$ cat entry-v7.txt   # compact mmCIF, C-alpha atoms and all ligand atoms
# COMPACT_ATOMS: atom_id res chain seq x y z
CA MET A 1 2.38 16.46 -15.70
CA ASN A 2 5.91 17.38 -14.75
CA ALA A 3 8.14 15.65 -17.34
CA ARG A 4 11.09 15.13 -15.02
CA ALA A 5 8.96 13.58 -12.32
CA HIS A 6 7.18 11.43 -14.88
CA ALA A 7 10.44 10.09 -16.26
CA ASN A 8 11.70 9.49 -12.74
CA ASN A 9 8.61 7.52 -11.86
CA ARG A 10 9.03 5.36 -14.95
CA ASP A 11 12.70 4.71 -14.23
CA HIS A 12 11.98 3.54 -10.72
CA ARG A 13 8.89 1.52 -11.43
CA ALA A 14 10.64 -1.82 -11.14
CA SER A 15 12.82 -0.92 -8.17
CA SER A 16 12.35 0.28 -4.60
CA PRO A 17 11.80 4.03 -4.25
CA SER A 18 14.66 6.17 -2.97
CA THR A 19 13.27 9.72 -2.58
CA ILE A 20 10.31 9.79 -0.23
CA LEU A 21 7.94 12.67 0.47
CA VAL A 22 6.84 12.42 4.11
CA THR A 23 3.74 14.43 5.00
CA GLY A 24 3.44 15.20 8.70
CA GLY A 25 7.12 14.35 9.15
CA ALA A 26 7.43 16.53 12.26
CA GLY A 27 4.69 14.65 14.09
CA PHE A 28 4.94 11.77 16.53
CA ILE A 29 5.02 8.85 14.11
CA GLY A 30 6.35 10.97 11.22
CA SER A 31 9.50 12.07 13.07
CA HIS A 32 10.32 8.50 14.10
CA ALA A 33 9.73 7.42 10.50
CA CYS A 34 12.21 10.07 9.31
CA VAL A 35 14.90 8.52 11.52
CA GLU A 36 14.08 5.02 10.33
CA LEU A 37 14.13 5.99 6.64
CA LEU A 38 17.30 8.11 6.93
CA ASP A 39 18.96 5.18 8.69
CA HIS A 40 18.11 3.04 5.68
CA GLY A 41 19.53 5.41 3.10
CA TYR A 42 16.39 7.12 1.82
CA GLU A 43 16.38 10.75 0.72
CA LEU A 44 13.54 12.62 2.42
CA ILE A 45 11.40 15.62 1.67
CA VAL A 46 9.15 16.60 4.55
CA VAL A 47 6.03 18.77 4.51
CA ASP A 48 4.29 19.76 7.73
CA ASN A 49 2.14 22.65 8.93
CA TYR A 50 3.20 22.12 12.59
CA SER A 51 -0.43 22.10 13.74
CA ASN A 52 0.45 19.58 16.49
CA SER A 53 4.24 19.47 16.18
CA SER A 54 7.34 21.63 16.05
CA PRO A 55 10.20 22.17 13.58
CA GLN A 56 12.59 21.74 16.53
CA VAL A 57 12.17 18.02 16.03
CA PHE A 58 14.41 18.00 12.94
CA ALA A 59 17.58 18.88 14.89
CA ARG A 60 16.88 15.81 16.98
CA VAL A 61 16.19 13.64 13.94
CA GLN A 62 19.54 14.78 12.55
CA ARG A 63 21.30 14.07 15.85
CA ILE A 64 20.04 10.48 15.89
CA ALA A 65 20.34 9.70 12.17
CA GLY A 66 23.64 11.54 11.69
CA ARG A 67 22.31 13.29 8.62
CA PHE A 68 19.92 16.06 7.78
CA VAL A 69 16.40 15.62 6.39
CA GLY A 70 17.00 16.71 2.80
CA ALA A 71 14.30 19.39 2.56
CA VAL A 72 11.58 20.60 4.91
CA TYR A 73 8.60 22.71 3.80
CA GLU A 74 6.14 24.37 6.14
CA LEU A 75 2.84 23.99 4.34
CA ASP A 76 -0.69 22.71 4.71
CA ILE A 77 -1.30 19.79 2.36
CA ARG A 78 -4.65 21.35 1.46
CA ASP A 79 -2.70 24.20 -0.17
CA ARG A 80 -2.58 22.68 -3.65
CA ARG A 81 -0.34 25.30 -5.17
CA ALA A 82 2.32 25.00 -2.44
CA LEU A 83 2.16 21.21 -2.53
CA SER A 84 2.45 21.12 -6.31
CA ALA A 85 5.53 23.35 -6.13
CA VAL A 86 7.23 20.76 -3.88
CA PHE A 87 6.56 18.04 -6.47
CA ASP A 88 7.82 20.40 -9.20
CA ARG A 89 11.07 20.90 -7.34
CA HIS A 90 11.83 17.30 -6.31
CA SER A 91 11.70 13.96 -8.08
CA VAL A 92 9.53 12.09 -5.60
CA ASP A 93 9.40 8.30 -5.93
CA ALA A 94 6.81 7.59 -3.25
CA VAL A 95 4.83 9.33 -0.52
CA VAL A 96 4.36 8.32 3.11
CA HIS A 97 1.31 10.23 4.28
CA PHE A 98 1.06 10.88 8.02
CA ALA A 99 -0.36 14.42 8.03
CA ALA A 100 -3.77 14.33 9.73
CA LEU A 101 -5.74 15.26 12.82
CA LYS A 102 -5.94 12.29 15.17
CA ALA A 103 -7.85 12.88 18.39
CA VAL A 104 -11.05 10.89 18.74
CA GLY A 105 -12.68 13.15 21.33
CA GLU A 106 -11.80 16.34 19.46
CA SER A 107 -13.19 14.88 16.23
CA THR A 108 -16.63 14.54 17.80
CA ARG A 109 -16.57 18.28 18.57
CA MET A 110 -14.95 19.40 15.27
CA PRO A 111 -16.22 16.98 12.61
CA VAL A 112 -15.97 19.39 9.68
CA GLU A 113 -12.34 20.20 10.49
CA TYR A 114 -11.52 16.49 10.65
CA TYR A 115 -13.08 15.75 7.25
CA ASP A 116 -11.46 18.82 5.74
CA VAL A 117 -7.93 18.05 6.96
CA ASN A 118 -7.98 14.26 6.76
CA VAL A 119 -10.07 13.70 3.63
CA GLY A 120 -9.48 17.06 1.89
CA GLY A 121 -5.76 16.84 2.66
CA THR A 122 -5.57 13.36 1.18
CA THR A 123 -7.39 14.28 -2.05
CA SER A 124 -5.19 17.36 -2.42
CA LEU A 125 -2.14 15.10 -2.05
CA LEU A 126 -3.53 12.57 -4.52
CA ARG A 127 -4.10 15.31 -7.06
CA ALA A 128 -0.51 16.59 -6.74
CA MET A 129 0.85 13.05 -6.91
CA HIS A 130 -1.15 12.16 -10.00
CA GLU A 131 -0.29 15.42 -11.76
CA HIS A 132 3.40 14.62 -11.22
CA GLY A 133 3.24 10.94 -12.12
CA VAL A 134 3.86 9.72 -8.57
CA HIS A 135 1.71 6.67 -7.97
CA ARG A 136 3.06 5.06 -4.83
CA LEU A 137 1.55 5.87 -1.46
CA VAL A 138 1.81 4.51 2.08
CA PHE A 139 -1.27 5.69 3.96
CA SER A 140 -1.72 6.04 7.73
CA SER A 141 -5.02 4.39 8.47
CA SER A 142 -6.49 3.40 11.80
CA CYS A 143 -8.02 0.45 13.62
CA SER A 144 -10.66 2.90 14.78
CA LEU A 145 -12.53 2.30 11.51
CA TYR A 146 -13.60 -1.13 12.87
CA GLY A 147 -15.72 0.67 15.47
CA ASP A 148 -17.39 -1.23 18.28
CA ALA A 149 -16.66 -4.69 16.91
CA GLY A 150 -17.54 -6.44 20.17
CA GLY A 151 -14.23 -8.14 21.00
CA GLY A 152 -12.04 -10.78 19.39
CA ARG A 153 -9.15 -10.13 17.06
CA LEU A 154 -9.95 -8.00 14.06
CA SER A 155 -8.67 -8.97 10.65
CA GLU A 156 -8.62 -6.71 7.61
CA ALA A 157 -11.83 -8.47 6.47
CA SER A 158 -13.73 -7.30 9.57
CA PRO A 159 -16.41 -4.77 8.58
CA ALA A 160 -15.75 -1.03 8.91
CA ARG A 161 -18.14 0.63 11.36
CA PRO A 162 -16.59 3.95 12.39
CA THR A 163 -18.09 5.53 15.51
CA ASN A 164 -16.48 8.98 15.35
CA PRO A 165 -15.47 11.51 12.66
CA TYR A 166 -11.74 10.72 13.05
CA ALA A 167 -12.39 7.05 12.29
CA ALA A 168 -14.89 7.89 9.55
CA SER A 169 -12.36 10.20 7.90
CA LYS A 170 -9.80 7.38 7.74
CA TRP A 171 -12.37 4.97 6.33
CA THR A 172 -13.43 7.53 3.71
CA CYS A 173 -9.78 7.97 2.68
CA GLU A 174 -9.39 4.22 2.29
CA GLN A 175 -12.46 4.05 0.06
CA ILE A 176 -11.12 6.92 -2.08
CA LEU A 177 -7.73 5.21 -2.35
CA ALA A 178 -9.31 1.89 -3.34
CA ASP A 179 -11.24 3.64 -6.10
CA VAL A 180 -8.20 5.59 -7.31
CA CYS A 181 -6.27 2.30 -7.47
CA ARG A 182 -9.07 0.74 -9.52
CA ARG A 183 -9.14 3.64 -12.01
CA ILE A 184 -5.41 4.43 -12.34
CA PRO A 185 -3.75 1.17 -13.39
CA ASP A 186 -0.26 1.61 -11.89
CA PHE A 187 -1.38 3.32 -8.66
CA THR A 188 -0.30 1.42 -5.54
CA ALA A 189 -1.64 2.35 -2.11
CA LEU A 190 -0.48 0.50 0.99
CA SER A 191 -2.88 1.33 3.78
CA LEU A 192 -1.60 0.55 7.27
CA ARG A 193 -4.31 0.35 9.91
CA TYR A 194 -2.45 1.21 13.10
CA PHE A 195 -3.79 0.00 16.39
CA ASN A 196 -2.38 2.23 19.17
CA PRO A 197 1.17 3.46 18.48
CA VAL A 198 2.90 4.64 21.68
CA GLY A 199 6.38 4.81 23.19
CA ALA A 200 9.36 6.81 21.97
CA HIS A 201 12.77 6.52 20.35
CA PRO A 202 15.09 4.68 22.78
CA SER A 203 17.54 7.63 22.73
CA GLY A 204 15.02 9.77 24.64
CA LEU A 205 15.43 12.48 21.99
CA LEU A 206 12.19 11.82 20.10
CA GLY A 207 8.77 11.09 21.50
CA GLU A 208 5.19 12.24 21.64
CA ASP A 209 4.96 15.95 22.40
CA PRO A 210 1.35 17.01 21.89
CA SER A 211 0.43 20.70 21.97
CA GLY A 212 -1.77 21.53 24.96
CA THR A 213 -3.56 18.86 26.96
CA PRO A 214 -2.73 15.38 25.63
CA ASP A 215 -5.66 13.57 24.03
CA ASN A 216 -4.05 10.15 24.18
CA LEU A 217 -3.39 7.89 27.13
CA MET A 218 0.39 7.40 27.06
CA PRO A 219 1.48 11.06 26.81
CA TYR A 220 -1.06 11.96 29.50
CA LEU A 221 0.33 9.26 31.79
CA ALA A 222 3.87 10.48 31.18
CA GLN A 223 2.92 14.07 32.03
CA VAL A 224 1.30 12.93 35.29
CA ALA A 225 4.39 10.88 36.19
CA VAL A 226 6.72 13.84 35.57
CA GLY A 227 4.50 16.14 37.66
CA ARG A 228 3.26 18.32 34.82
CA ARG A 229 -0.36 17.22 35.41
CA ALA A 230 -1.90 16.21 38.73
CA ARG A 231 -4.08 13.19 37.91
CA LEU A 232 -4.95 10.96 34.97
CA PRO A 233 -8.61 10.96 33.95
CA VAL A 234 -9.66 7.36 33.20
CA PHE A 235 -12.59 7.61 30.82
CA GLY A 236 -15.06 5.01 32.06
CA ASP A 237 -14.80 1.84 34.14
CA ASP A 238 -18.15 0.36 33.15
CA TYR A 239 -17.13 -1.29 29.87
CA ALA A 240 -17.62 -5.03 29.38
CA THR A 241 -13.94 -5.84 29.96
CA PRO A 242 -12.23 -7.65 32.87
CA ASP A 243 -11.52 -4.44 34.84
CA GLY A 244 -14.19 -2.27 33.20
CA THR A 245 -11.76 -0.03 31.28
CA PRO A 246 -11.39 -0.19 27.48
CA VAL A 247 -8.91 -2.60 25.90
CA ARG A 248 -6.50 -1.58 23.12
CA ASP A 249 -3.64 -3.16 21.22
CA TYR A 250 -0.60 -0.95 21.96
CA LEU A 251 2.25 -0.96 19.48
CA HIS A 252 5.71 0.56 19.93
CA VAL A 253 6.26 3.52 17.61
CA MET A 254 9.61 2.02 16.52
CA ASP A 255 7.83 -1.16 15.40
CA THR A 256 5.26 1.03 13.65
CA VAL A 257 7.84 2.95 11.63
CA GLU A 258 9.79 -0.20 10.80
CA ALA A 259 6.61 -1.45 9.12
CA HIS A 260 6.59 1.70 6.95
CA ARG A 261 10.19 1.14 5.93
CA VAL A 262 9.37 -2.47 5.03
CA ALA A 263 6.31 -1.25 3.09
CA LEU A 264 8.58 0.74 0.75
CA ASP A 265 10.10 -2.55 -0.44
CA HIS A 266 6.68 -3.87 -1.39
CA PHE A 267 5.38 -1.47 -4.03
CA THR A 268 6.86 -3.89 -6.50
CA ASP A 269 4.51 -6.65 -5.28
CA GLY A 270 1.97 -5.19 -7.69
CA PRO A 271 -0.33 -2.22 -8.19
CA GLY A 272 -3.64 -1.73 -6.41
CA MET A 273 -4.74 -1.19 -2.84
CA HIS A 274 -3.29 -3.40 -0.11
CA VAL A 275 -4.56 -3.05 3.46
CA TYR A 276 -2.77 -4.36 6.54
CA ASN A 277 -3.37 -4.18 10.28
CA LEU A 278 -0.37 -3.08 12.36
CA GLY A 279 -0.80 -4.36 15.88
CA ALA A 280 0.72 -6.69 18.45
CA GLY A 281 -2.32 -8.98 18.62
CA ARG A 282 -2.62 -8.53 22.37
CA GLY A 283 -5.02 -6.32 24.34
CA TRP A 284 -4.32 -4.20 27.41
CA SER A 285 -6.86 -2.27 29.47
CA VAL A 286 -6.33 1.36 30.50
CA LEU A 287 -5.58 0.19 34.05
CA ASP A 288 -3.07 -2.40 32.70
CA VAL A 289 -1.23 0.45 30.98
CA VAL A 290 -1.35 2.56 34.15
CA ALA A 291 0.22 -0.37 36.08
CA ALA A 292 2.92 -0.91 33.41
CA PHE A 293 3.76 2.80 33.42
CA ARG A 294 3.95 2.83 37.22
CA GLU A 295 6.43 -0.04 36.98
CA ALA A 296 8.49 1.83 34.35
CA CYS A 297 8.68 5.13 36.23
CA GLY A 298 8.71 3.78 39.79
CA LYS A 299 6.08 6.29 40.92
CA PRO A 300 2.38 6.01 41.76
CA ILE A 301 0.06 7.37 39.07
CA PRO A 302 -2.93 9.09 40.68
CA TYR A 303 -6.07 8.75 38.60
CA ASP A 304 -9.79 9.51 38.69
CA ILE A 305 -12.53 7.48 37.07
CA GLU A 306 -14.47 9.88 34.86
CA PRO A 307 -17.41 9.44 32.47
CA ARG A 308 -16.87 7.63 29.18
CA ARG A 309 -15.29 9.68 26.39
CA PRO A 310 -17.62 10.16 23.41
CA GLY A 311 -16.62 8.01 20.43
CA ASP A 312 -14.62 5.45 22.48
CA VAL A 313 -15.25 1.74 21.97
CA THR A 314 -14.84 -1.25 24.30
CA GLU A 315 -12.08 -3.27 22.68
CA LEU A 316 -9.79 -3.17 19.63
CA VAL A 317 -7.20 -5.90 19.18
CA ALA A 318 -5.47 -6.77 15.91
CA ASP A 319 -5.19 -9.96 13.98
CA ALA A 320 -1.92 -8.91 12.35
CA ALA A 321 -1.21 -12.25 10.63
CA ALA A 322 -1.65 -10.86 7.10
CA VAL A 323 1.24 -8.39 7.25
CA ALA A 324 3.47 -11.01 8.89
CA ARG A 325 2.68 -13.41 6.04
CA ALA A 326 3.06 -10.84 3.27
CA TRP A 327 6.06 -8.82 4.48
CA GLY A 328 7.51 -10.75 7.40
CA TRP A 329 6.85 -7.75 9.69
CA ARG A 330 6.11 -8.50 13.34
CA PRO A 331 6.41 -6.16 16.34
CA THR A 332 9.26 -7.04 18.69
CA ARG A 333 8.86 -4.55 21.58
CA ASP A 334 6.55 -5.21 24.55
CA LEU A 335 4.39 -2.94 26.73
CA ALA A 336 7.21 -2.55 29.29
CA ALA A 337 9.53 -1.21 26.57
CA MET A 338 6.78 1.15 25.33
CA CYS A 339 6.38 2.60 28.84
CA GLN A 340 10.12 2.73 29.57
CA ASP A 341 10.84 4.58 26.33
CA ALA A 342 7.91 7.00 26.77
CA TRP A 343 9.09 7.67 30.33
CA ARG A 344 12.70 8.23 29.24
CA PHE A 345 11.54 10.82 26.71
CA GLN A 346 9.33 12.58 29.26
CA GLN A 347 12.06 12.63 31.91
CA LEU A 348 14.68 14.02 29.53
CA ASN A 349 12.19 16.49 28.03
CA PRO A 350 9.78 17.53 30.80
CA SER A 351 8.60 20.46 28.67
CA GLY A 352 8.68 18.48 25.43
CA TYR A 353 10.59 19.93 22.49
CA ALA A 354 10.36 23.42 23.98
CA GLY A 355 13.34 22.63 26.24
CA PRO A 356 16.96 21.90 25.23
CA ALA A 357 17.42 18.60 23.37
CA GLY A 358 17.42 15.67 25.73
CA SER A 359 18.34 17.71 28.83
CA LYS A 360 17.13 17.11 32.35
CA SER A 361 17.64 20.80 33.06
CA ALA A 362 14.58 21.63 30.95
CA LYS A 363 11.99 22.46 33.58
CA GLU A 364 8.38 23.53 33.34
C1 LIG B 401 -7.42 6.45 18.84
C2 LIG B 401 -7.81 5.63 17.69
C3 LIG B 401 -6.61 4.99 17.08
C4 LIG B 401 -5.59 6.02 16.75
C5 LIG B 401 -5.28 6.85 17.96
C6 LIG B 401 -4.44 8.00 17.50
C7 LIG B 401 -10.10 4.83 18.11
C8 LIG B 401 -10.92 3.81 18.75
N1 LIG B 401 -8.76 4.63 18.17
O1 LIG B 401 -6.98 5.56 19.79
O2 LIG B 401 -6.97 4.35 15.91
O3 LIG B 401 -4.43 5.38 16.30
O4 LIG B 401 -6.45 7.38 18.52
O5 LIG B 401 -4.07 8.79 18.51
O6 LIG B 401 -10.59 5.76 17.53
N2 LIG B 401 -7.85 7.27 27.92
C9 LIG B 401 -8.06 7.60 29.23
N3 LIG B 401 -7.59 8.80 29.67
C10 LIG B 401 -6.92 9.68 28.86
C11 LIG B 401 -6.73 9.32 27.50
C12 LIG B 401 -7.22 8.11 27.06
O7 LIG B 401 -8.66 6.84 29.99
O8 LIG B 401 -6.54 10.75 29.32
C13 LIG B 401 -8.34 5.96 27.45
C14 LIG B 401 -9.32 6.07 26.31
O9 LIG B 401 -10.62 6.18 26.79
C15 LIG B 401 -9.04 4.75 25.59
C16 LIG B 401 -7.59 4.43 25.88
O10 LIG B 401 -7.23 5.26 26.99
O11 LIG B 401 -9.81 3.74 26.16
C17 LIG B 401 -6.69 4.79 24.72
O12 LIG B 401 -7.01 6.10 24.31
P1 LIG B 401 -6.09 6.91 23.30
O13 LIG B 401 -4.68 6.81 23.70
O14 LIG B 401 -6.70 8.26 23.14
O15 LIG B 401 -6.22 6.10 21.96
P2 LIG B 401 -7.55 5.57 21.22
O16 LIG B 401 -8.67 6.52 21.37
O17 LIG B 401 -7.75 4.15 21.56

$ encode --input "entry-v7.txt" --output "structure tokens" --more "lines below"
Ligand code: UD1
Amino acid sequence: MNARAHANNRDHRASSPSTILVTGGAGFIGSHACVELLDHGYELIVVDNYSNSSPQVFARVQRIAGRFVGAVYELDIRDRRALSAVFDRHSVDAVVHFAALKAVGESTRMPVEYYDVNVGGTTSLLRAMHEHGVHRLVFSSSCSLYGDAGGGRLSEASPARPTNPYAASKWTCEQILADVCRRIPDFTALSLRYFNPVGAHPSGLLGEDPSGTPDNLMPYLAQVAVGRRARLPVFGDDYATPDGTPVRDYLHVMDTVEAHRVALDHFTDGPGMHVYNLGAGRGWSVLDVVAAFREACGKPIPYDIEPRRPGDVTELVADAAAVARAWGWRPTRDLAAMCQDAWRFQQLNPSGYAGPAGSKSAKE
């Protein structure tokens, strides 16, 4: 174990952490989290392999937060040696772990890759953390582990029944974390089961900029609205929901990252594994989101009903009462704000981060 890091961990055990390692900090949620944590005075170390993101995001993070992310390393978290060297160099107090693959459909076609990156990446991180005496982790989990639960709000006590490798990889990570917390007495893992984080930073500088064809609904909608793609595929209208399209609990990315910042104040609640749903507690169908986006952008959104997407489930809506009770966190932004902010980002960045920062002159 690295002596400096060990001493640092001991010194900070009773207080909130101040130096945070953010894995996947260039990604959609990770980049917004960097802004939120910088705004609240944290020192950040970011690692990312840019598999679905770009280092250009950090200039934008700096522009919003008014200060630079302390250190950025391009590395794959499965590269144990490179990861260990980061822990050798910095006194990390806690880790916020976003780095993962996250597309449901893709995971059904590339299951081994999903287990390797999501589970293998997490165990590699845990090893580096443990070797350096860092025992505080905020983990990005997913509502998808509840599977086809058949409707109704899902609490953390609802059984896990993952229906695709992405969801199964998150559930496997949670089980590993629970066991690590049982075996290593001062290890604290806060697992946040996100429902569907969407939207963008209200500045229009940060948003979701997937490489290639978007896998998720909101960035696809935004690219149709801006004219980058012709029509939205709606995957199935024969589900047992009011309009036949699947229902999800959409959550603004700014609310999502605020929950992570609040989480950092709660390591001192006690060691062990703590699991919380992050959702709004309200469901919207795919066609509801299409209508809300049309309202936000003032343009029609052409769409085609296509066959169901493998791995999709009918309905996922959160019972998020536990996190409100424990931490006082509640989302404050509604679906209209999610669509308006996603649209602002897309309008200002029609080619994503490839164009100049926040400029309408960036054209396809
Ligand atoms: C999934 C995960 C969720 C995770 C998110 C990360 C499940 C059930 N949920 O969300 O935990 O946080 O990925 O990205 O595994 N849709 C279309 N057309 C499109 C794209 C999507 O109709 O072009 C539909 C999907 O069929 C789905 C809804 O829109 O019903 C939302 O899809 P998406 O945005 O991909 O998120 P989830 O798959 O729900």

$ closest_residue --input "entry-v7.txt" --among "A:Met129, A:Leu190, A:Ala280, A:Val198" --to "Ile29 (chain A)" --atoms "all atoms listed in the file"
A:Val198

$ residues_near_ligand --input "entry-v7.txt" --ligand "ligand LIG 401 (chain B)" --cutoff "7 Å" --atoms "only C-alpha atoms and all ligand atoms" --output "PyMOL selection string"
chain A and resi 102-104+142-144+147+166-167+194-197+215-218+220+232-236+245-248+286+308-309+312-313

$ closest_residue --input "entry-v7.txt" --among "A:Gly204, A:Gly120, A:Gly24, A:Gly281" --to "Ser140 (chain A)" --atoms "all atoms listed in the file"
A:Gly24

$ closest_residue --input "entry-v7.txt" --among "A:Ala100, A:Arg333, A:Glu208, A:Pro185" --to "Tyr250 (chain A)" --atoms "only C-alpha atoms"
A:Arg333

$ residues_around --input "entry-v7.txt" --residues "Val138 (chain A)" --least-positions-apart "2" --cutoff "7 Å" --atoms "only C-alpha atoms" --output "VMD selection string"
chain A and resid 95 to 97 140 189 to 191

$ residues_around --input "entry-v7.txt" --residues "region 259-270 of chain A" --least-positions-apart "5" --cutoff "9 Å" --atoms "all atoms listed in the file" --output "PyMOL selection string"
chain A and resi 13-18+33+36-37+40+94+96+136-138+186+188-190+192+254+278+323+327-331

$ closest_residue --input "entry-v7.txt" --among "A:Gly207, A:Gly105, A:Gly41, A:Gly70" --to "Leu21 (chain A)" --atoms "only C-alpha atoms"
A:Gly70

$ closest_residue --input "entry-v7.txt" --among "A:Gln340, A:Ser203, A:Ser285, A:Thr213" --to "Arg63 (chain A)" --atoms "all atoms listed in the file"
A:Ser203

$ closest_residue --input "entry-v7.txt" --among "A:Met338, A:Ala82, A:Ala178, A:Ala65" --to "Pro219 (chain A)" --atoms "only C-alpha atoms"
A:Met338

$ residues_around --input "entry-v7.txt" --residues "Ser54 (chain A)" --least-positions-apart "4" --cutoff "12 Å" --atoms "all atoms listed in the file" --output "number ranges by chain"
A: 24-28, 30-31, 47-50, 58-60, 72, 74, 206-211, 352-355

$ atom_distance --input "entry-v7.txt" --atom1 "CA of Pro302 (chain A)" --atom2 "CA of Tyr239 (chain A)"
20.6 Å

$ atom_distance --input "entry-v7.txt" --atom1 "CA of Pro202 (chain A)" --atom2 "CA of Gly279 (chain A)"
19.5 Å

$ atom_distance --input "entry-v7.txt" --atom1 "CA of Leu154 (chain A)" --atom2 "CA of Asp288 (chain A)"
20.6 Å
